[in-house]
Amino acid sequence: MMYGIQANDFNQWRRLARGLLQRRISPQQLHWESPDQTSLLLTAASDDYLAQPVITDDITIPRDFFTLAKQVACFRDPSRWSLLYSLAWRLVFQDRSLLGNKIDPEVARLLAMRKAVGRDKHKMEAFVRFQQVQEATADQPEVFVAWFEPEHLILPITAPFFAKRFSNMVWTILTPDACAHWDGQQLQFSPGVTRPPARDDAVEDLWREYYANIFNPARLKLKAMQSEMPKKYWVNLPEAPLIAELTRNAGKHTEAMLAKSATPEWKKTAKSRFIKQQQKLLRHRSDDVDG
Amino acid sequence: MKLQNKLAILADAAKYDASCASSGSVKRNSSKGKGVGSTSGGMGICHSYAPDGRCISLLKILLTNFCIYDCSYCVNRASSQVQRARFTVDEVVNLTLDFYKRNYIEGLFLSSGIIQSSDYTMEQLVNVARSLRKDHDFRGYIHLKTIPDASPELLRQAGVYADRLSINIELPSKQSLKLYAPEKDPVTIHGSMGKLRENIEESKESRKRRNKVQSAAKRANTKPAKFLYAPAGQSTQMIVGADASSDSKILTLANHLYGKYQMRRVYYSAFSPIPDATRTLPLQAPPLLREHRLYQADWLLRFYGFSIDEISDPASEQKGMLDLDVDPKLAWALRNRDLFPVDINRAPLEMLLRVPGIGTIGARRIIQSRRFGQLRFADLAKCGLSVKKISAFIETVDHSPAAQLLESDSLKSRFVKAETPQLSLF
């Protein structure tokens with residue numbers, strides 16, 4: 001018998017998986033779907049499996065697996081649910097230590113998905129850029145908004161990071177999949193939106209000034225930069241429009257710097273008796289010790 | 001002067017410090033607080049990358065680039081004609097908070113030229129950190145550059161507010177320091193590093209004690225006081241290529257600093273051409289590859305169980321310089337071919353770590369996976385290893401390298417690309 005099962009999120013998948021494992025319904029009997037795709041091959045409605053008798057009431061799955069599964073559930077690919085179920089099945093009925101076997105093809109796929117989700121989450125924590133939309137007043141905190149396009153469905157697992165970091169600000173993160181809102185007390189989610197119109201934030205000019213000046217043109221290494229900060233993120237980074245020009249001028253800058261011959265001592269230093277005196281003191285302080 | 005102009009000058013002045021790490025502190029966040037900020041307790045976050053490939057994690061600036069010291073490698077030395085500026089304490093505090101709230105940075109890395117006196121300068125730095133922590137309840141990362149001549153009381157205060165402290169050792173020998181940084185004194189530098197270590201250890205002890213008695217004390221409501229001091233420890237930086245010191249000399253000193261002062265990191269910074277340079281400096285910058293090889297060697301010392309003699313020999317043909325053509329682990333393997341091939345299915349962790357192409361993660365994966373059965377050559381790619389690199393040095397059930405390959409003179413050339421990628425300036 002084939003069953004079509006639909007899962008929307010991790011908690012729902014977890015509940016369904018428990019019921020299915022209890023009834024020993026094997027991975028081969030299941031067709032997992034995400035809400036965004038409907039299959040024409042459905043052989044049975046979603047909860048038909050409930051008619052099957054419970055064979056094992058007490059299902060125990062290693063905790064490690066759930067930690068992993070929670071992250072993999074954010075991977076943007078409908079095949080994640082069937083992979084998770086297949087691994088859960090094998091952990092329960094075949095080999096409890098399966099996850100240690102990094103070269104098992106299914107474990108390897110699971111770990112690759114976890115890695116992709118983990119990287120995406122890390123990059124979101126790094127590259128979200130808030131803009132101030134309202135200054136603080138006597139009784140109102142500042143309000144910030146950001147737009148971001150994560151590769152995977154990571155907003156629910158990433159928003160708590162921002163809630164802990166910016167607990168005393170009011171902020172919203174908009175993404176195409178969902179939006180997160182923090183009012184200083186509580187995290188709430190709402191449906192996704194399209195890219196909002198661009199806004200200005202005066203602090204962005206300062207940030208660009210910093211970015212341009214912390215760059216060392218004598219050490220241009222564009223590839224290293226792009227491997228860590230791929231172009232797909234640039235659209236949301238206020239500093240990114242500077243990259244092309246900084247890069248173009250790097251060689252010129254450095255050449256000009258090297259070509260310039262040494263200049264005489266800065267007048268102000270040369271004239272300062274205080275500086276000369278301090279330098280003399282410092283230069284000779286260890287003379288006694290050294291002999 | 002406008003704030004934006006000051007920022008331009010004082011960021012430009014700070015860029016020759018290699019460190020921008022925001023890692024290794026305690027875990028904290030801003031819930032139940034009044035301000036913003038969190039630290040992960042482990043890895044930091046790089047919020048951007050400059051076109052030089054360097055991570056931008058912290059707002060790295062100088063409080064001022066006026067300086068009475070005249071270190072020849074430094075763009076801010078007293079005699080340089082570079083434009084000068086000075087931030088007020090509040091300007092730095094507000095910049096840090098404004099950047100932090102927009103998620104541009106993990107925190108602040110503040111350094112300064114020395115003005116008036118060491119204590120005066122250090123006090124200004126401490127004031128910035130204190131204001132961030134006390135006035136604004138800032139819980140992000142703070143790295144303070146420490147002035148080695150500052151009084152022990154100020155060093156003590158600095159670590160109460162900062163996550164990390166650092167004192168740059170700058171040059172690997174006393175003679176070089178005298179020549180290029182005549183106002184700096186190695187004795188004071190080492191003395192202050194020792195002071196920092198004492199404080200950091202006292203803090204660690206107090207936290208340990210507190211955790212131990214926590215459950216009993218919770219009931220009695222009398223927790224012993226916690227002394228939190230630079231929880232991310234101390235680091236230092238050495239300039240490479242400004243003087244004639246060999247890699248062997250540099251690594252020996254680094255090794256000593258790791259041991260004696262429990263440094264969390266020693267940074268190596270290839271001497272970079274600076275505007276308005278003095279004539280005492282070499283005209284040519286060292287290849288960036290040299291800096292890269294030093295970091296690789298540093299890693300081998302700290303995480304791979306190598307000893308300093310195994311990596312570099314001052315009496316060698318290269319006069320104590322690392323081979324630029326191949327990485328230091330591969331260079332070691334090529335000198336010690338009799339220890340290979342290593343049996344992937346039997347070798348202990350220590351030996352796996354010595355195989356070129358196997359890193360700490362790969363070695364752990366091998367050990368975990370081989371419990372499930374004999375590993376075949378094709379399985380190694382699944383452990384995330386570079387098969388091309390390791391094939392000459394390992395054996396599995398279905399693979400062993402041709403004996404003549406390990407003995408062949410051309411083994412090294414397999415790893416050196418036709419055109420050696422000399423990372424040059426342009």
# chains A, B, ... in the order shown; residues from 1 in each chain; ligands from 1

$ residues_around --residues "Glu183 of chain B" --least-positions-apart "5" --cutoff "9 Å" --atoms "only C-alpha atoms" --output "PyMOL selection string"
(chain A and resi 278-284) or (chain B and resi 68-71+177-178)

$ write_last_selection --atoms "C-alpha atoms" --output "compact mmCIF listing (two decimals), in the first residue's frame"
# COMPACT_ATOMS: atom_id res chain seq x y z
CA GLN A 278 59.73 61.80 25.52
CA GLN A 279 61.48 59.84 22.80
CA LYS A 280 64.83 60.33 24.49
CA LEU A 281 63.48 59.14 27.81
CA LEU A 282 61.89 56.06 26.26
CA ARG A 283 64.93 55.18 24.17
CA HIS A 284 67.29 55.15 27.09
CA ILE B 68 55.17 60.30 20.03
CA TYR B 69 56.75 56.97 19.05
CA ASP B 70 58.74 56.83 15.84
CA CYS B 71 58.52 53.19 14.67
CA LEU B 177 63.11 46.48 17.89
CA LYS B 178 65.94 48.83 18.85

$ residues_around --residues "Lys267 of chain A" --least-positions-apart "3" --cutoff "12 Å" --atoms "only C-alpha atoms" --output "list in words"
Thr263, Pro264, Ala270, Lys271, Ser272, Arg273 and Ile275 of chain A; Ala78, Ser79, Ser80, Gln81 and Val82 of chain B

$ write_last_selection --atoms "C-alpha atoms" --output "PDB file, in the first residue's frame"
ATOM      1  CA  THR A 263      59.433  62.984   2.634  1.00  0.00           C
ATOM      2  CA  PRO A 264      61.216  65.035   5.287  1.00  0.00           C
ATOM      3  CA  ALA A 270      60.593  68.108  14.331  1.00  0.00           C
ATOM      4  CA  LYS A 271      59.762  71.265  16.252  1.00  0.00           C
ATOM      5  CA  SER A 272      58.174  69.657  19.285  1.00  0.00           C
ATOM      6  CA  ARG A 273      60.478  69.698  22.260  1.00  0.00           C
ATOM      7  CA  ILE A 275      58.132  64.728  21.650  1.00  0.00           C
TER       8      ILE A 275
ATOM      9  CA  ALA B  78      55.800  60.745  14.921  1.00  0.00           C
ATOM     10  CA  SER B  79      57.829  61.890  11.929  1.00  0.00           C
ATOM     11  CA  SER B  80      55.337  60.797   9.230  1.00  0.00           C
ATOM     12  CA  GLN B  81      53.510  63.453   7.238  1.00  0.00           C
ATOM     13  CA  VAL B  82      50.254  61.515   7.253  1.00  0.00           C
TER      14      VAL B  82
END

$ residues_around --residues "segment 328-331 of chain B" --least-positions-apart "5" --cutoff "10 Å" --atoms "only C-alpha atoms" --output "list in words"
Arg293, Leu294, Tyr295, Gln296, Ala297, Asp298, Leu300, Tyr304, Phe306, Glu310, Ile311, Ser312, Leu322, Asp323, Asn336, Leu353, Arg354, Val355, Pro356, Gly357, Lys389, Ile390, Lys412 and Phe415 of chain B

$ select_by_dssp --residues "segment 94-285 of chain A" --states "helix (DSSP H, G or I)" --output "ChimeraX atom specification"
/A:98-100,105-127,155-165,203-214,217-219,222-228,231-236,240-259,267-271,273-283

$ residues_around --residues "Lys249 of chain B" --least-positions-apart "2" --cutoff "10 Å" --atoms "only C-alpha atoms" --output "list in words"
Pro172, Ser173, Ala244, Ser245, Ser246, Asp247, Leu251, Thr252, Leu253, Ala254, Asn255, Ser312, Asp313, Pro314, Gly320 and Met321 of chain B

$ write_last_selection --atoms "C-alpha atoms" --output "short mmCIF file (atom, residue, chain, number, x, y, z; two decimals), in the first residue's frame"
data_model
loop_
_atom_site.label_atom_id
_atom_site.label_comp_id
_atom_site.auth_asym_id
_atom_site.auth_seq_id
_atom_site.Cartn_x
_atom_site.Cartn_y
_atom_site.Cartn_z
CA PRO B 172 61.05 39.12 16.47
CA SER B 173 64.31 40.30 17.98
CA ALA B 244 65.95 40.13 8.36
CA SER B 245 64.63 37.59 10.90
CA SER B 246 64.13 34.09 9.53
CA ASP B 247 60.88 32.11 9.71
CA LEU B 251 58.15 30.66 14.84
CA THR B 252 60.42 30.03 17.81
CA LEU B 253 59.32 33.30 19.36
CA ALA B 254 55.65 32.59 18.57
CA ASN B 255 55.96 29.18 20.20
CA SER B 312 61.88 24.63 10.60
CA ASP B 313 65.56 24.20 11.16
CA PRO B 314 67.68 27.33 11.47
CA GLY B 320 65.51 28.69 8.58
CA MET B 321 63.08 29.89 5.93
#

$ residues_around --residues "Ala378 of chain B" --least-positions-apart "3" --cutoff "10 Å" --atoms "only C-alpha atoms" --output "VMD selection string"
(chain A and resid 103) or (chain B and resid 375 381 to 383 387 396 398 to 399)

$ write_last_selection --atoms "N, CA and C atoms" --output "short mmCIF file (atom, residue, chain, number, x, y, z; two decimals), in the first residue's frame"
data_model
loop_
_atom_site.label_atom_id
_atom_site.label_comp_id
_atom_site.auth_asym_id
_atom_site.auth_seq_id
_atom_site.Cartn_x
_atom_site.Cartn_y
_atom_site.Cartn_z
N ILE A 103 30.24 7.92 5.64
CA ILE A 103 30.33 7.61 4.22
C ILE A 103 29.09 6.87 3.72
N LEU B 375 37.91 1.06 5.28
CA LEU B 375 37.73 2.15 4.32
C LEU B 375 38.47 1.81 3.03
N ALA B 381 37.25 10.34 -0.39
CA ALA B 381 36.68 11.57 -0.95
C ALA B 381 35.42 11.93 -0.17
N LYS B 382 34.68 10.89 0.26
CA LYS B 382 33.45 11.15 1.02
C LYS B 382 33.76 11.72 2.40
N CYS B 383 34.96 11.48 2.89
CA CYS B 383 35.35 12.09 4.17
C CYS B 383 35.84 13.51 3.95
N VAL B 387 41.88 13.77 -2.52
CA VAL B 387 42.43 12.46 -2.86
C VAL B 387 43.75 12.59 -3.60
N THR B 396 45.16 2.00 1.62
CA THR B 396 43.88 1.46 2.06
C THR B 396 43.84 0.03 1.57
N ASP B 398 42.44 -1.23 -0.87
CA ASP B 398 42.54 -1.37 -2.33
C ASP B 398 43.51 -0.38 -2.96
N HIS B 399 44.35 0.26 -2.13
CA HIS B 399 45.27 1.24 -2.71
C HIS B 399 46.57 1.28 -1.93
#

$ residues_around --residues "Ser206 of chain B" --least-positions-apart "6" --cutoff "8 Å" --atoms "only C-alpha atoms" --output "MDAnalysis selection string"
chainID B and resid 225:227

$ write_last_selection --atoms "N, CA and C atoms" --output "compact mmCIF listing (two decimals), in the first residue's frame"
# COMPACT_ATOMS: atom_id res chain seq x y z
N ALA B 225 31.95 36.12 44.34
CA ALA B 225 32.04 37.13 43.27
C ALA B 225 32.80 36.57 42.08
N LYS B 226 32.36 36.97 40.89
CA LYS B 226 33.02 36.52 39.67
C LYS B 226 33.91 37.64 39.17
N PHE B 227 35.15 37.31 38.86
CA PHE B 227 36.05 38.31 38.30
C PHE B 227 36.21 37.99 36.82

$ atom_distance --atom1 "atom CA of Ile25 of chain A" --atom2 "atom CA of Gln12 of chain A"
17.2 Å

$ atom_distance --atom1 "atom CA of Asn236 of chain A" --atom2 "atom CA of Asp205 of chain A"
14.7 Å

$ select_by_dssp --residues "segment 96-284 of chain A" --states "strand (DSSP E)" --output "number ranges by chain"
A: 131-134, 143-147, 170-174, 178-182, 187-191

$ closest_residue --among "B:Ser166, B:Tyr268, B:Ile344, B:Phe303" --to "Gly359 of chain B" --atoms "only C-alpha atoms"
B:Phe303

$ closest_residue --among "A:Pro196, A:Pro160, A:Pro176, A:Gly100" --to "chain B" --atoms "only C-alpha atoms"
A:Gly100

$ closest_residue --among "A:Lys121, A:Arg14, A:His31, A:Arg23" --to "chain B" --atoms "only C-alpha atoms"
A:Lys121

$ closest_residue --among "B:His47, B:Arg302, B:Lys319, B:Lys388" --to "Thr360 of chain B" --atoms "only C-alpha atoms"
B:Arg302
